[in-house]
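Contents: one structure, followed by commentary.
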Amino acid sequence: MDNNIEKRLQSLRDRLAYLLDIFPGKHRSSAALLEEKLADFTAYAGSDALEDSYADLANLEDLFAYVERHLENEISPMDKVRIVRHPQRICLRDILENVYDNFTEVGGQDEHSLDPSMLIARAIVTRRRGKKAYTQSVMVIGQEKGHGAEFRNGGSVKPWGNAKALQYMSVAETEGIPVHCYIFTPGSYPVEDYPGAGQQIARNIYYMAGLRVPVVAIISEGGSGGAEAIGLADKRLMLSHGYYSVISPEGAAAIEGDLKTGARATSELIEHCANNLKITAQDNLKFGYIDRIIQEPPLGARPWHYDFYRSLRQEVLRATDEVVISTRNIPIFRGIALSRHRSPDADLDNLHIRWGIPATAKTRLVLRRQQKFLRFSRQAARDRRPFLTKQVVAFYDWISKPWISFKYDFYRKHQRQLKTIIEEIHNEWEMLKYRLLSPWRKLTKKLSGRTDSKAKELTALSTWAGDARRRKWNYISPRYKIDRTITCPNSDSYGCLDLWGPDLFAEFAGVCSHCGYHFPMEPEWYVKNVFDAGSTFEFNSEIEAGNPLDFPGFSERIDKDQAKTGAKSGCMTFEARIDNIKMVVVMLMGTFRGGSVGAAEGYKFVEAAARAQKQRMPLLSYVHGTAGIRIQEGTHGVIQMPRCTVAVRRYIESGGLYMVLYDTNSFAGPVASFLGCSPYQFAVRSSNIGFAGPGVIKETTGTDIPPKYHRSYRALSRGHIQAIWDRRQIRANLKQALLTIGGRNLYYR
Amino acid sequence: MINISQLLDEIKSSPYNEIVISTPHTGKITFADIKEGDCVLGPQGIWKHQPGTQLATLERERNFKPIFAPDKGEISLVHKKLEGLFAEAGTELVVLRHMLTRDEVQRMILQKALHLFRAPERAKYYFTPEADKKIRASETRTMTVRNGMELFIMSRMKREVPLHYSGPEGVIYEIYFKYNANLEIGAPLIGVCSPAHLPVIQDMIARVQTEWFEKTE
């Protein structure tokens, strides 16, 4: 048997092994047929009993191709999960070598890298127009699975790997070259070491929401947070055998089956979750979260599918060109160029478009990207506002725009200049008055027998009139009726005495009077006690959480929670005042499905941010508790991460003050996006903040984590949050923060 | 001079620590499913974050508080007659026999046989460079210390103060501290024994290692 045959046989053996791996326990007859034929051929070829071994081998290869094509039609979503995780799957280095014309790795080399699972390269593409060749540069960023190499960690990027990606995105921005993001990750590596998994993802998303170069993302394995860290792109393409999901099917099954740490979900349950989470490329295209599907060869692309690289190259070039063209100002040129590029016969290698774009076009590019994300997933939330209300809101929005623009953009701007001049004159006048009157003041000081107020202050009893010391609460938790004592969880370490329930939940505001441990309180407690009495005005309460994926049995669970809490979604948005300082508040309520964020909650957040932006009010996210993204909504949920972050970025860039206050438990997606991106984040005592819970960390990293790993004090030491507040002081602290960070008019630019 | 054999025999005759578990406060007692002779576990896990076996529940003002075993051992006595009764604070509930391990016995004997020089305050401790060099270079248990000898450097917030050894002359048998770790006040730094006692102590340690059988469940 000559070497050539041996090589091709080895390739067939690999294909067979691949087929067996991705269909465990399924399609046994097809696999057995291939196995048998392959064994026969090997036996004959080994004994040189074949007349024309090349022809027979070609027949065998045809048979393999035929079976693969046949099985292609029977791929289930879980099979796709197995395909993208298979070591034979194409990985980023294959793409760099075959899709781009040349490249230099800049983010480290193999295992000698800050994080080997994040690969960064400067690549070039050569294209020609007529006889002239043009070289275009691009920054390629993506997770590298390295065909199962151990040190690549399966494409699970550590926080510092994402930080590296962010660094090179800003390099690309400086150089004005497009960014191509290749998403090959099952999810981010959930450690809280600096900069913190969630915190870094939030930074990445926030930065990408305003990245002033074209960004194209190509998704093969898009696992929630890890995917979003480099996924906020102008064009999102997806490989036909990839998946894009809020959570791995195994993780979803563990949550659905309510499994304890370490227990494994049954394969039926995993399969069931994979089917219902709608994770495939076709599903995501239908939802509109990706722009195009790149067709792969039967059973998924492997490194030897050279035709696939060619079509990938065409699609990536087309996507980049389209992004660049769509920033053009003159519609007719834009239309002509776009139609030329979109034609399926177009050979993108022989079309050349400059990828560098002027500053004004960059602004349009960012705006388009932001608008694209803001439009996502509206249909997935149930908007129960009456038709008339919607029309009135839209109309009011329309007529108030010119007035708001006059008030804030014109009047305020000039008013400030005028005020500055008046203030200057006033200052000078005061100084002059002071000097002129100083002889008179000296005289009166000697004559008067006024008592020293300082002495009185020091000797007399202080009063309790101060706002922070109000002894009565506007709202008392209904648990104050509890007729028992309660033990503080810290009693072992601090020796706290038992607390009498009615005292604890009424007067003490749920705070242990010995160690200061904060027992969780109801969301209403904050609404009524933090803000001025009667100042809250809820809006958009009719936007309801739904079941956009028709996840089996989920509608009933939503209905049950709605009946239990009286809220329609896990997010309440309202306007409120603290000592007459108006603000817009978004409250994620831990009582409604664990405070998880789905399409409805995201919708309400985006609307609230827009409202705050329009009315020039500070925006406060009060997180009573959030368990993460609502997994039963699949990608409708995970898309809220970039979407809400875009809303935050637009708000902050327009000059707003965005603050976040964490309470009880805040984890996963929201912390890793629209909460974590805030420059001013605070926490209430005894709260936990993190990316993944202890069970998930144990399962993914295999290491135990110490108790109190997620405590807010750790987040404070790590630099995630800025301060920890006592619950009873929230009102006073908020007011102070608003006045000191927000300035006099609270809209600081 | 202590009598090693006598000490060892004493420990052997009662090879356990008796831990008495009593009520932390008043309340109604409900015992968990335990009986005399049961083996219970102490806190588990790397950080001892998983509580030990539950022994009883104490209820006061409808607040049910579990009482856990503080250490591994065998239950030698359960005051079952208290079941369902209201008890005062400090009422004895369960007596636990914690079987001593080889290391614990060794530590007990060494604490008695050696002169322990203790940390005078909370700080980090180092040997002086000369002493350090000697300890590193020479064989173990040959470094002699005498009263008033400058032996340690006590470092607090990077301010370093020399510390003099005080106590009987002898060789350093055991070093109880690590460099760069803070020591609490009163924690032993070194154990010193006179050169004459050295073979006796070594013999004793050998005997503990060979003769002490750990009871394993």
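Just remember, in the structure tokens the first chain shown is A, the second B, etc., residues are 1-based per chain, and ligands are 1-based in the order shown.
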
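The protein and nucleic acid residues lying at most 7 Å from segment 178-188 of chain B are Leu116, Phe117, Arg118, Ala119, Pro120, Glu121, Arg122, Ala123, Lys124, Tyr125 and Tyr126 of chain B, with only C-alpha atoms considered and sequence neighbours fewer than 6 positions away removed.
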
Compile the residues of chain A that lie within 9 Å of chain B, evaluated using only C-alpha atoms, and express the compilation as a PDB file with C-alpha atoms, in the first residue's frame.
ATOM      1  CA  ASP A 483     -43.669  35.710  65.741  1.00  0.00           C
ATOM      2  CA  ARG A 484     -40.263  34.216  66.408  1.00  0.00           C
ATOM      3  CA  THR A 485     -36.636  35.049  66.896  1.00  0.00           C
ATOM      4  CA  ILE A 486     -34.175  34.858  64.049  1.00  0.00           C
ATOM      5  CA  THR A 487     -30.529  33.874  64.114  1.00  0.00           C
ATOM      6  CA  ASP A 498     -30.876  36.146  68.363  1.00  0.00           C
ATOM      7  CA  TRP A 500     -36.713  39.305  67.636  1.00  0.00           C
ATOM      8  CA  ASP A 704     -13.530  24.637  45.000  1.00  0.00           C
ATOM      9  CA  PRO A 706     -13.738  29.585  49.374  1.00  0.00           C
ATOM     10  CA  PRO A 707     -16.865  30.644  51.213  1.00  0.00           C
TER      11      PRO A 707
END

Practice problem: Among the residues of segment 63-192 of chain B, find those DSSP assigns to strand (DSSP E or B) from the backbone and print them as a ChimeraX atom specification. | Solution: /B:63-68,73-78,86-87,92-99,115-118,123-127,144-145,150-156,159-164,170-175,182-183,188-192

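The environment of Ile21 of chain B within 8 Å, counting only C-alpha atoms and disregarding residues fewer than 2 places along the same chain, consists of B:Ile19, B:Thr23, B:Ala69, B:Glu92, B:Leu93, B:Val94, B:Val95, B:Leu96.
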
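Going from atom CA of Thr30 of chain B to atom CA of Pro502 of chain A covers 25.7 Å.
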
Practice problem: May I have the residues within 10 Å of Asp103 of chain B as a list in words, using only C-alpha atoms and disregarding those fewer than 6 positions away in the same chain? | Solution: Ile109, Ile205, Val208, Gln209, Trp212 and Glu214 of chain B

Exercise. Please provide the set of residues having any atom within 9 Å of Phe86 of chain B, restricted to only C-alpha atoms, with same-chain residues fewer than 6 positions apart removed, written as a ChimeraX atom specification.
Key: /B:26-29,59

Quiz item: Taking the backbone alone, and naming residues the way the document does, which bits of segment 41-208 of chain B are alpha helix (DSSP H) by DSSP, as an MDAnalysis selection string?
Solution: chainID B and resid 102:113 129:137 198:208

C-alpha atoms of the current selection, written as a CSV table (one decimal), in the first residue's frame:
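Output (out32.csv):
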chain,number,residue,atom,x,y,z
B,102,ARG,CA,-0.6,10.4,66.4
B,103,ASP,CA,0.2,14.1,65.6
B,104,GLU,CA,-2.0,15.4,68.4
B,105,VAL,CA,-0.3,13.1,71.0
B,106,GLN,CA,3.1,14.1,69.7
B,107,ARG,CA,2.2,17.7,69.9
B,108,MET,CA,0.8,17.3,73.5
B,109,ILE,CA,4.0,15.6,74.7
B,110,LEU,CA,6.3,18.1,73.0
B,111,GLN,CA,4.4,21.0,74.6
B,112,LYS,CA,5.0,19.4,77.9
B,113,ALA,CA,8.6,18.3,77.4
B,129,PRO,CA,21.0,36.3,59.7
B,130,GLU,CA,23.7,34.5,61.8
B,131,ALA,CA,21.2,32.2,63.4
B,132,ASP,CA,19.4,31.6,60.1
B,133,LYS,CA,22.7,30.7,58.5
B,134,LYS,CA,23.5,28.3,61.3
B,135,ILE,CA,20.1,26.6,61.3
B,136,ARG,CA,20.3,26.2,57.5
B,137,ALA,CA,23.8,24.9,57.4
B,198,LEU,CA,17.4,15.3,73.4
B,199,PRO,CA,17.8,11.5,73.1
B,200,VAL,CA,14.9,10.9,75.5
B,201,ILE,CA,12.6,13.1,73.5
B,202,GLN,CA,13.7,11.6,70.3
B,203,ASP,CA,13.0,8.2,71.7
B,204,MET,CA,9.6,9.2,72.9
B,205,ILE,CA,8.7,10.6,69.5
B,206,ALA,CA,9.8,7.3,68.0
B,207,ARG,CA,7.6,5.4,70.5
B,208,VAL,CA,4.6,7.6,69.7

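Picture a line from atom CA of Ser596 of chain A to atom CA of Gly693 of chain A; it runs 14.1 Å.
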